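J.: Enclosed is the structure file start-v7.cif (mmCIF, C-alpha atoms).
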```cif
data_query
#
loop_
_atom_site.label_atom_id
_atom_site.label_comp_id
_atom_site.auth_asym_id
_atom_site.auth_seq_id
_atom_site.Cartn_x
_atom_site.Cartn_y
_atom_site.Cartn_z
CA MET A 1330 -27.43 -11.35 8.99
CA ASN A 1331 -26.51 -14.82 10.14
CA ALA A 1332 -25.79 -16.00 13.66
CA LEU A 1333 -22.04 -15.72 13.29
CA GLU A 1334 -22.22 -12.08 12.22
CA LYS A 1335 -24.57 -11.23 15.08
CA VAL A 1336 -22.16 -12.68 17.62
CA GLN A 1337 -19.22 -10.96 15.96
CA GLU A 1338 -20.95 -7.61 16.05
CA LYS A 1339 -21.87 -7.85 19.71
CA PHE A 1340 -18.74 -9.48 21.15
CA SER A 1341 -15.95 -8.31 18.84
CA ASP A 1342 -13.49 -7.88 21.75
CA GLU A 1343 -14.00 -11.33 23.20
CA ILE A 1344 -13.64 -13.32 20.01
CA ILE A 1345 -10.29 -14.99 19.33
CA GLU A 1346 -11.21 -16.26 15.89
CA THR A 1347 -14.13 -17.35 13.76
CA HIS A 1348 -14.50 -19.57 10.77
CA ALA A 1349 -17.28 -20.76 8.55
CA PHE A 1350 -17.33 -23.52 5.98
CA ARG A 1351 -20.45 -24.27 3.96
CA GLY A 1352 -22.79 -23.24 6.74
CA ASP A 1353 -20.77 -24.69 9.61
CA GLU A 1354 -20.09 -21.63 11.69
CA THR A 1355 -17.63 -21.56 14.55
CA VAL A 1356 -16.76 -18.91 17.12
CA VAL A 1357 -13.77 -19.20 19.45
CA ILE A 1358 -14.06 -16.96 22.50
CA ARG A 1359 -12.21 -16.14 25.71
CA PRO A 1360 -13.52 -18.01 28.78
CA ALA A 1361 -14.50 -14.83 30.64
CA ALA A 1362 -17.17 -14.06 28.04
CA LEU A 1363 -18.78 -17.50 28.01
CA LEU A 1364 -21.84 -16.78 30.13
CA SER A 1365 -22.73 -13.52 28.40
CA VAL A 1366 -22.27 -15.04 24.94
CA ALA A 1367 -24.37 -18.07 25.91
CA GLN A 1368 -27.09 -15.88 27.32
CA PHE A 1369 -27.02 -13.78 24.15
CA LEU A 1370 -27.34 -16.89 21.96
CA LYS A 1371 -30.24 -18.20 23.97
CA ASP A 1372 -32.30 -15.03 24.39
CA THR A 1373 -31.75 -12.96 21.25
CA PRO A 1374 -34.76 -12.97 18.91
CA GLY A 1375 -33.68 -14.39 15.57
CA LEU A 1376 -31.15 -16.69 17.23
CA ASP A 1377 -33.10 -18.51 19.97
CA PHE A 1378 -30.57 -21.31 20.46
CA ASN A 1379 -32.79 -23.32 22.76
CA TYR A 1380 -31.01 -26.65 22.36
CA LEU A 1381 -27.51 -27.56 23.54
CA MET A 1382 -26.81 -30.53 21.30
CA ASP A 1383 -23.32 -31.46 22.39
CA LEU A 1384 -20.60 -30.38 24.73
CA THR A 1385 -17.13 -31.83 24.63
CA ALA A 1386 -13.49 -30.81 24.78
CA VAL A 1387 -10.26 -31.07 22.81
CA ASP A 1388 -6.74 -31.39 24.16
CA TYR A 1389 -4.25 -29.66 21.85
CA LEU A 1390 -1.15 -30.99 23.55
CA PHE A 1391 1.08 -32.57 20.85
CA TYR A 1392 -1.36 -31.20 18.27
CA ALA A 1393 -0.28 -32.07 14.72
CA GLY A 1394 2.73 -33.88 16.13
CA GLY A 1395 3.78 -30.80 18.11
CA ARG A 1396 4.25 -28.67 14.99
CA VAL A 1397 1.32 -26.42 15.85
CA GLN A 1398 1.73 -24.46 19.05
CA LYS A 1399 -1.45 -23.00 20.52
CA ASP A 1400 -1.64 -20.31 23.20
CA PHE A 1401 -3.96 -22.52 25.21
CA ARG A 1402 -4.10 -26.24 25.75
CA PHE A 1403 -7.80 -27.10 25.80
CA GLU A 1404 -10.89 -26.06 23.99
CA VAL A 1405 -14.37 -26.73 25.33
CA VAL A 1406 -16.71 -27.14 22.38
CA TYR A 1407 -20.42 -26.36 22.49
CA HIS A 1408 -22.84 -27.23 19.69
CA PHE A 1409 -25.99 -25.15 19.79
CA MET A 1410 -29.11 -25.53 17.74
CA SER A 1411 -32.19 -23.39 17.38
CA LEU A 1412 -35.23 -25.56 16.80
CA LYS A 1413 -37.24 -22.46 16.00
CA ASN A 1414 -34.97 -21.05 13.29
CA ASN A 1415 -33.28 -24.31 12.27
CA ILE A 1416 -29.76 -22.93 12.60
CA ARG A 1417 -26.67 -24.24 14.31
CA LEU A 1418 -23.60 -22.65 15.83
CA ARG A 1419 -20.41 -24.09 17.25
CA LEU A 1420 -18.90 -22.21 20.14
CA LYS A 1421 -15.40 -22.94 21.39
CA VAL A 1422 -13.89 -21.67 24.60
CA ALA A 1423 -10.12 -21.54 24.93
CA VAL A 1424 -9.02 -22.98 28.27
CA ASP A 1425 -5.64 -22.51 29.87
CA GLU A 1426 -3.65 -25.48 31.15
CA LYS A 1427 -2.78 -23.91 34.51
CA ASN A 1428 -6.34 -23.19 35.57
CA PRO A 1429 -8.67 -25.37 33.51
CA GLU A 1430 -11.96 -23.90 34.59
CA VAL A 1431 -14.97 -22.45 32.77
CA GLU A 1432 -18.39 -21.36 33.89
CA THR A 1433 -21.14 -23.96 33.89
CA LEU A 1434 -24.04 -23.69 31.48
CA THR A 1435 -26.37 -25.87 33.55
CA GLY A 1436 -28.36 -22.77 34.50
CA LEU A 1437 -29.19 -22.08 30.86
CA TRP A 1438 -29.44 -25.57 29.34
CA ALA A 1439 -30.18 -28.49 31.67
CA SER A 1440 -28.56 -30.90 29.19
CA ALA A 1441 -25.18 -29.38 30.06
CA ASN A 1442 -25.20 -31.22 33.37
CA TRP A 1443 -24.03 -34.69 32.29
CA TYR A 1444 -21.94 -33.37 29.40
CA GLU A 1445 -19.95 -31.22 31.78
CA ARG A 1446 -19.47 -34.11 34.15
CA GLU A 1447 -18.13 -36.17 31.26
CA VAL A 1448 -15.69 -33.41 30.26
CA TRP A 1449 -14.54 -33.16 33.88
CA ASP A 1450 -14.12 -36.93 34.01
CA MET A 1451 -12.18 -37.27 30.77
CA TYR A 1452 -10.25 -33.98 30.59
CA GLY A 1453 -10.18 -32.59 34.11
CA ILE A 1454 -11.74 -29.29 33.14
CA ARG A 1455 -13.73 -27.89 36.05
CA PHE A 1456 -17.09 -26.19 35.59
CA LYS A 1457 -17.60 -23.39 38.05
CA GLY A 1458 -21.05 -23.47 39.63
CA HIS A 1459 -21.94 -26.99 38.49
CA PRO A 1460 -24.43 -28.56 40.94
CA ASN A 1461 -22.89 -32.05 40.97
CA LEU A 1462 -19.43 -32.11 39.42
CA LYS A 1463 -18.22 -35.67 39.90
CA ARG A 1464 -17.10 -38.47 37.60
CA ILE A 1465 -19.78 -39.91 35.36
CA LEU A 1466 -18.05 -42.71 33.41
CA MET A 1467 -14.99 -43.72 35.41
CA TYR A 1468 -15.14 -45.01 38.98
CA GLU A 1469 -14.41 -42.69 41.87
CA GLU A 1470 -11.06 -44.30 42.68
CA PHE A 1471 -9.68 -43.55 39.22
CA VAL A 1472 -6.70 -41.19 39.31
CA GLY A 1473 -6.19 -38.76 36.43
CA HIS A 1474 -8.20 -37.94 33.33
CA PRO A 1475 -7.82 -40.54 30.60
CA LEU A 1476 -8.50 -38.47 27.48
CA ARG A 1477 -5.76 -35.97 28.24
CA LYS A 1478 -3.01 -36.49 25.71
CA ASP A 1479 -0.37 -36.88 28.38
CA TYR A 1480 -2.24 -39.76 30.02
CA PRO A 1481 -0.41 -42.98 28.98
CA PHE A 1482 -2.92 -44.91 26.89
CA ASN A 1483 -2.09 -48.27 28.47
CA LYS A 1484 -1.60 -47.11 32.04
CA ARG A 1485 -2.97 -49.51 34.64
CA GLN A 1486 -4.51 -48.14 37.81
CA PRO A 1487 -4.48 -49.73 41.24
CA LEU A 1488 -8.06 -50.82 41.16
CA ILE A 1489 -11.03 -51.31 43.38
CA GLY A 1490 -9.77 -54.88 43.71
CA PRO A 1491 -7.04 -56.47 41.61
CA LEU A 1492 -4.04 -54.60 40.31
CA ASN A 1493 -4.51 -54.60 36.60
CA MET B 478 -7.28 -97.86 41.19
CA SER B 479 -6.91 -101.53 41.88
CA LEU B 480 -9.60 -104.00 42.80
CA LYS B 481 -7.88 -104.60 46.15
CA ASN B 482 -9.35 -101.30 47.29
CA PRO B 483 -13.05 -101.66 46.59
CA ALA B 484 -13.91 -98.35 48.26
CA GLY B 485 -11.42 -96.49 46.05
CA PHE B 486 -12.64 -98.31 42.97
CA PHE B 487 -16.19 -97.35 43.79
CA SER B 488 -15.47 -93.68 44.47
CA THR B 489 -13.38 -93.10 41.34
CA LYS B 490 -16.01 -94.77 39.22
CA LEU B 491 -18.64 -92.61 40.92
CA ASP B 492 -16.62 -89.51 40.05
CA ASP B 493 -16.41 -90.68 36.45
CA ALA B 494 -20.15 -91.24 36.36
CA LEU B 495 -20.79 -87.82 37.87
CA GLY B 496 -18.43 -86.19 35.40
CA TRP B 497 -20.07 -87.99 32.52
CA ALA B 498 -23.50 -86.85 33.70
CA ARG B 499 -22.40 -83.29 34.31
CA LYS B 500 -20.70 -82.80 30.99
CA PHE B 501 -23.94 -83.51 29.11
CA SER B 502 -26.14 -81.32 31.26
CA ILE B 503 -24.41 -77.97 31.31
CA PHE B 504 -26.56 -75.29 32.87
CA GLN B 505 -24.89 -72.15 31.63
CA TYR B 506 -25.08 -68.55 32.71
CA PRO B 507 -24.41 -66.23 29.75
CA PHE B 508 -22.78 -63.03 30.99
CA VAL B 509 -23.17 -61.14 27.72
CA THR B 510 -21.79 -57.61 27.52
CA ALA B 511 -20.77 -56.96 23.92
CA CYS B 512 -20.77 -57.99 20.26
CA CYS B 513 -19.65 -61.57 21.03
CA GLY B 514 -23.23 -62.04 22.18
CA MET B 515 -24.28 -62.27 18.52
CA GLU B 516 -21.97 -65.24 17.96
CA TYR B 517 -23.19 -66.74 21.19
CA MET B 518 -26.80 -66.48 19.97
CA SER B 519 -25.80 -67.92 16.62
CA THR B 520 -24.20 -70.88 18.37
CA ALA B 521 -27.25 -71.37 20.53
CA ALA B 522 -29.75 -71.15 17.67
CA SER B 523 -30.92 -74.01 15.49
CA HIS B 524 -28.20 -73.87 12.80
CA TYR B 525 -25.34 -74.75 15.16
CA ASP B 526 -27.62 -75.96 17.93
CA VAL B 527 -25.63 -76.02 21.13
CA ASP B 528 -28.32 -78.24 22.62
CA ARG B 529 -26.68 -81.18 20.84
CA PHE B 530 -23.99 -80.90 23.51
CA GLY B 531 -26.45 -80.73 26.35
CA ALA B 532 -25.75 -77.03 26.91
CA GLY B 533 -28.87 -75.57 25.40
CA PHE B 534 -30.46 -74.32 28.56
CA PRO B 535 -29.23 -70.91 29.75
CA ARG B 536 -30.19 -70.14 33.32
CA PHE B 537 -30.40 -66.45 34.05
CA SER B 538 -29.57 -66.94 37.67
CA PRO B 539 -25.99 -67.76 38.64
CA ARG B 540 -27.25 -69.80 41.58
CA GLN B 541 -28.81 -72.36 39.26
CA SER B 542 -25.97 -72.65 36.77
CA ASP B 543 -22.64 -74.40 36.68
CA VAL B 544 -20.83 -72.88 33.70
CA LEU B 545 -20.27 -69.13 33.45
CA PHE B 546 -19.95 -67.92 29.86
CA VAL B 547 -18.28 -64.51 29.92
CA VAL B 548 -19.18 -63.16 26.51
CA GLY B 549 -17.78 -59.75 25.61
CA THR B 550 -15.58 -56.96 26.88
CA ILE B 551 -15.35 -56.54 30.65
CA ASN B 552 -14.41 -53.07 31.81
CA HIS B 553 -13.19 -52.08 35.22
CA LYS B 554 -16.57 -50.83 36.31
CA MET B 555 -18.21 -54.13 35.35
CA ALA B 556 -15.47 -56.29 36.89
CA PRO B 557 -16.77 -56.32 40.50
CA VAL B 558 -20.20 -57.34 39.17
CA LEU B 559 -18.70 -60.25 37.25
CA LYS B 560 -16.82 -61.34 40.34
CA SER B 561 -19.96 -61.26 42.43
CA ILE B 562 -21.85 -63.30 39.81
CA TYR B 563 -19.05 -65.87 39.93
CA ASP B 564 -19.12 -65.96 43.71
CA GLN B 565 -22.85 -66.67 43.70
CA MET B 566 -22.47 -69.83 41.63
CA CYS B 567 -22.52 -73.13 43.49
CA GLU B 568 -19.70 -75.63 43.27
CA PRO B 569 -18.72 -77.31 41.07
CA LYS B 570 -18.42 -74.45 38.59
CA TRP B 571 -16.51 -73.67 35.42
CA VAL B 572 -15.78 -70.47 33.53
CA VAL B 573 -15.49 -69.97 29.78
CA ALA B 574 -13.77 -66.83 28.45
CA PHE B 575 -15.61 -66.22 25.20
CA GLY B 576 -13.84 -63.90 22.76
CA VAL B 577 -10.44 -62.27 22.84
CA CYS B 578 -11.55 -59.36 25.05
CA THR B 579 -12.28 -61.68 27.93
CA CYS B 580 -9.11 -63.70 27.26
CA THR B 581 -6.59 -60.85 27.20
CA GLY B 582 -8.41 -57.54 26.77
CA GLY B 583 -8.01 -57.86 23.01
CA PHE B 584 -7.27 -54.65 21.20
CA TYR B 585 -8.74 -52.61 24.05
CA ASP B 586 -5.35 -51.91 25.58
CA ASN B 587 -6.66 -48.84 27.36
CA TYR B 588 -7.75 -47.24 30.61
CA ALA B 589 -11.21 -48.81 30.70
CA THR B 590 -10.84 -52.52 29.92
CA VAL B 591 -9.81 -55.40 32.15
CA GLN B 592 -6.82 -57.09 30.50
CA GLY B 593 -8.19 -60.62 30.71
CA ILE B 594 -10.86 -61.81 33.13
CA ASP B 595 -8.41 -64.39 34.48
CA THR B 596 -7.09 -61.55 36.62
CA ILE B 597 -10.39 -61.61 38.52
CA ILE B 598 -11.89 -65.09 38.27
CA PRO B 599 -10.35 -68.48 37.39
CA VAL B 600 -10.91 -69.40 33.73
CA ASP B 601 -11.15 -72.98 32.50
CA ILE B 602 -11.51 -72.58 28.74
CA TYR B 603 -10.34 -69.71 26.56
CA ILE B 604 -12.11 -69.25 23.21
CA PRO B 605 -10.20 -66.54 21.32
CA GLY B 606 -11.52 -64.76 18.27
CA CYS B 607 -13.04 -61.39 17.59
CA PRO B 608 -15.66 -62.72 17.75
CA PRO B 609 -15.06 -66.50 17.57
CA ARG B 610 -17.01 -68.43 14.94
CA PRO B 611 -19.65 -70.85 16.20
CA GLU B 612 -17.44 -73.81 15.20
CA ASN B 613 -14.76 -72.31 17.38
CA VAL B 614 -17.21 -72.01 20.26
CA LEU B 615 -18.35 -75.61 19.86
CA ASP B 616 -14.72 -76.72 19.86
CA GLY B 617 -14.22 -74.84 23.12
CA LEU B 618 -17.38 -76.37 24.50
CA MET B 619 -16.18 -79.88 23.70
CA LYS B 620 -12.86 -79.16 25.41
CA LEU B 621 -14.85 -77.93 28.40
CA GLN B 622 -16.88 -81.15 28.40
CA GLU B 623 -13.65 -83.12 28.42
CA LYS B 624 -12.53 -81.12 31.42
CA ILE B 625 -15.83 -81.53 33.23
CA GLY B 626 -15.76 -85.26 32.51
CA LYS B 627 -12.39 -85.50 34.25
CA ASN B 628 -13.64 -83.37 37.16
CA GLU B 629 -10.96 -80.77 36.53
CA GLN B 630 -11.42 -77.18 37.61
CA ASN B 631 -9.06 -74.26 37.38
CA ARG B 632 -8.33 -72.57 40.71
CA THR B 633 -5.69 -70.08 39.65
CA LEU B 634 -5.63 -66.45 38.60
CA TYR B 635 -3.19 -64.46 36.53
CA ASP B 636 -1.29 -61.83 38.47
CA PRO B 637 -0.26 -59.00 36.12
CA GLN B 638 2.14 -57.59 38.73
CA SER B 639 4.34 -60.66 38.96
CA LYS B 640 3.35 -61.83 35.44
CA SER B 641 2.61 -65.32 36.76
CA VAL B 642 -0.23 -67.65 37.62
CA ARG B 643 -1.10 -67.78 41.32
CA PRO B 644 -3.70 -69.54 43.49
CA ALA B 645 -7.02 -67.70 43.46
CA GLU B 646 -6.80 -66.79 47.16
CA PHE B 647 -4.44 -63.90 46.54
CA GLN B 648 -7.35 -61.74 45.41
CA LYS B 649 -9.97 -62.94 47.83
CA ASN B 650 -10.59 -59.39 49.08
CA TYR B 651 -11.78 -58.38 45.66
CA SER B 652 -15.56 -58.25 46.00
CA VAL B 653 -18.49 -55.91 45.64
CA ALA B 654 -18.69 -55.63 49.43
CA GLN B 655 -15.06 -54.53 49.54
CA HIS B 656 -15.68 -52.12 46.71
CA LEU B 657 -18.59 -50.50 48.53
CA LYS B 658 -16.53 -50.33 51.71
CA ASN B 659 -13.78 -48.52 49.79
CA ILE B 660 -16.27 -45.98 48.52
CA GLU B 661 -17.84 -45.46 51.95
CA SER B 662 -14.50 -44.89 53.63
CA LYS B 663 -13.88 -41.86 51.36
#
```
Is it possible to give me this structure as structure tokens?
T.:
Amino acid sequence: MNALEKVQEKFSDEIIETHAFRGDETVVIRPAALLSVAQFLKDTPGLDFNYLMDLTAVDYLFYAGGRVQKDFRFEVVYHFMSLKNNIRLRLKVAVDEKNPEVETLTGLWASANWYEREVWDMYGIRFKGHPNLKRILMYEEFVGHPLRKDYPFNKRQPLIGPLN
Amino acid sequence: MSLKNPAGFFSTKLDDALGWARKFSIFQYPFVTACCGMEYMSTAASHYDVDRFGAGFPRFSPRQSDVLFVVGTINHKMAPVLKSIYDQMCEPKWVVAFGVCTCTGGFYDNYATVQGIDTIIPVDIYIPGCPPRPENVLDGLMKLQEKIGKNEQNRTLYDPQSKSVRPAEFQKNYSVAQHLKNIESK
């Protein structure tokens, strides 16, 4: 039984979709289940995902030129790895546009701290319970979140000095 | 200047002598932030040998240098630092924009990159290229020497709002101190 099947068995109600391609396994879940799924991945014998490799987000606004309409705008993407079992799993959390907020994983994996700050900085997705949720790459005066698809790519901000 | 005004004759000739001396002893400060640094090193190394032009001695303190080489992309977070480096240099001073990112922002037309360092500090010589070849750099350096020899310095900035060149004073509040004050007031 692989990791994907274990998660499917336990959280069948919370899963929106799953896919697997040549060993790349992905689970898309509802945000409410994030903490329990994460805890399950970390603590279950045989899974032991002790390493959060990457955490990022995707903005599906104008996805595929607007031809594909999704029920939600963002996805927060987690890449887990188990050093013990040498397996990987990709977890995606669907995030609504109106209230872009998910639970923080800093309590389970310390590496989530800066990743979540980066996602907040670039996409404006809040992480509930994060100990220090402030911008990590942009300066504090920056208005907006530049990797959102509705942020004009060449917008100039009134800066810490010159207008540019 | 005519010989009827010996004082004037003397002072202009002194300026010429100073310019001539300065242009062959350029103490440069390399402000290297990106890939252009490789071309800068290539220019400085023995094959192209920038020391032939009297500019072979980089000083890593702005207070001891008179030409600021801005080599590589400057983003908005780095911009106040660049400005403070420039402010620390003693007069007379010159600035070289090395590479297209420093000239105009280059292809980084985005949220992070300053669209030309001439919006922050006055630039004397622009060396475009992504990155510029060493020959290109040496050409720019010779043009800079010409400018130094004539005691010419740029004192203007580009204002992206009015899309025009203006005297440098219009952004005199732009400094690290001001930046810190802005943060503190929040």
J.: With the PyMOL selection byres ((chain A and resi 1463) around 8) as the selection, what would be picked from this file? Answer as an MDAnalysis selection string, please.
T.: chainID A and resid 1446 1449:1450 1461:1462 1464:1465
J.: For stretch 1394-1406 of chain A, work out the shell of residues within 6 Å, counting only C-alpha atoms and skipping chain neighbours fewer than 5 positions away, then give it as a list in words.
T.: Leu1384, Thr1385, Ala1386, Val1387, Asp1388, Tyr1389, Leu1420, Lys1421, Val1422, Ala1423, Val1424, Asp1425 and Glu1426 of chain A
J.: If you apply the PyMOL selection byres ((chain A and resi 1380) around 9) to this file, what residues do you get, as a list in words?
T.: Lys1371, Asp1377, Phe1378, Asn1379, Leu1381, Met1382, His1408, Phe1409, Met1410, Ser1411, Leu1412, Trp1438 and Ser1440 of chain A
J.: Write out as a list in words the residues lying within 10 Å of B:Phe546, counting all atoms listed in the file and excluding same-chain residues fewer than 6 positions away.
T.: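 Those residues are Gln505, Tyr506, Pro507, Phe508, Val509, Tyr517, Pro535, Trp571, Val572, Val573, Ala574, Phe575, Val600 and Ile602 of chain B.
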J.: Could you take the residues named above and write them with C-alpha atoms, as a PDB file, in the coordinates of the input?
T.:
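As written to disk, part11.pdb reads:
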```pdb
ATOM      1  CA  GLN B 505     -24.890 -72.150  31.630  1.00  0.00           C
ATOM      2  CA  TYR B 506     -25.080 -68.550  32.710  1.00  0.00           C
ATOM      3  CA  PRO B 507     -24.410 -66.230  29.750  1.00  0.00           C
ATOM      4  CA  PHE B 508     -22.780 -63.030  30.990  1.00  0.00           C
ATOM      5  CA  VAL B 509     -23.170 -61.140  27.720  1.00  0.00           C
ATOM      6  CA  TYR B 517     -23.190 -66.740  21.190  1.00  0.00           C
ATOM      7  CA  PRO B 535     -29.230 -70.910  29.750  1.00  0.00           C
ATOM      8  CA  TRP B 571     -16.510 -73.670  35.420  1.00  0.00           C
ATOM      9  CA  VAL B 572     -15.780 -70.470  33.530  1.00  0.00           C
ATOM     10  CA  VAL B 573     -15.490 -69.970  29.780  1.00  0.00           C
ATOM     11  CA  ALA B 574     -13.770 -66.830  28.450  1.00  0.00           C
ATOM     12  CA  PHE B 575     -15.610 -66.220  25.200  1.00  0.00           C
ATOM     13  CA  VAL B 600     -10.910 -69.400  33.730  1.00  0.00           C
ATOM     14  CA  ILE B 602     -11.510 -72.580  28.740  1.00  0.00           C
TER      15      ILE B 602
END
```
J.: To test your reading of the syntax: which residues would the PyMOL selection byres ((chain B and resi 558-561) around 10) return for the file shown? Reply as a PyMOL selection string.
T.: chain B and resi 508+539+545+547+551-557+562-566+594+597-598+651-654
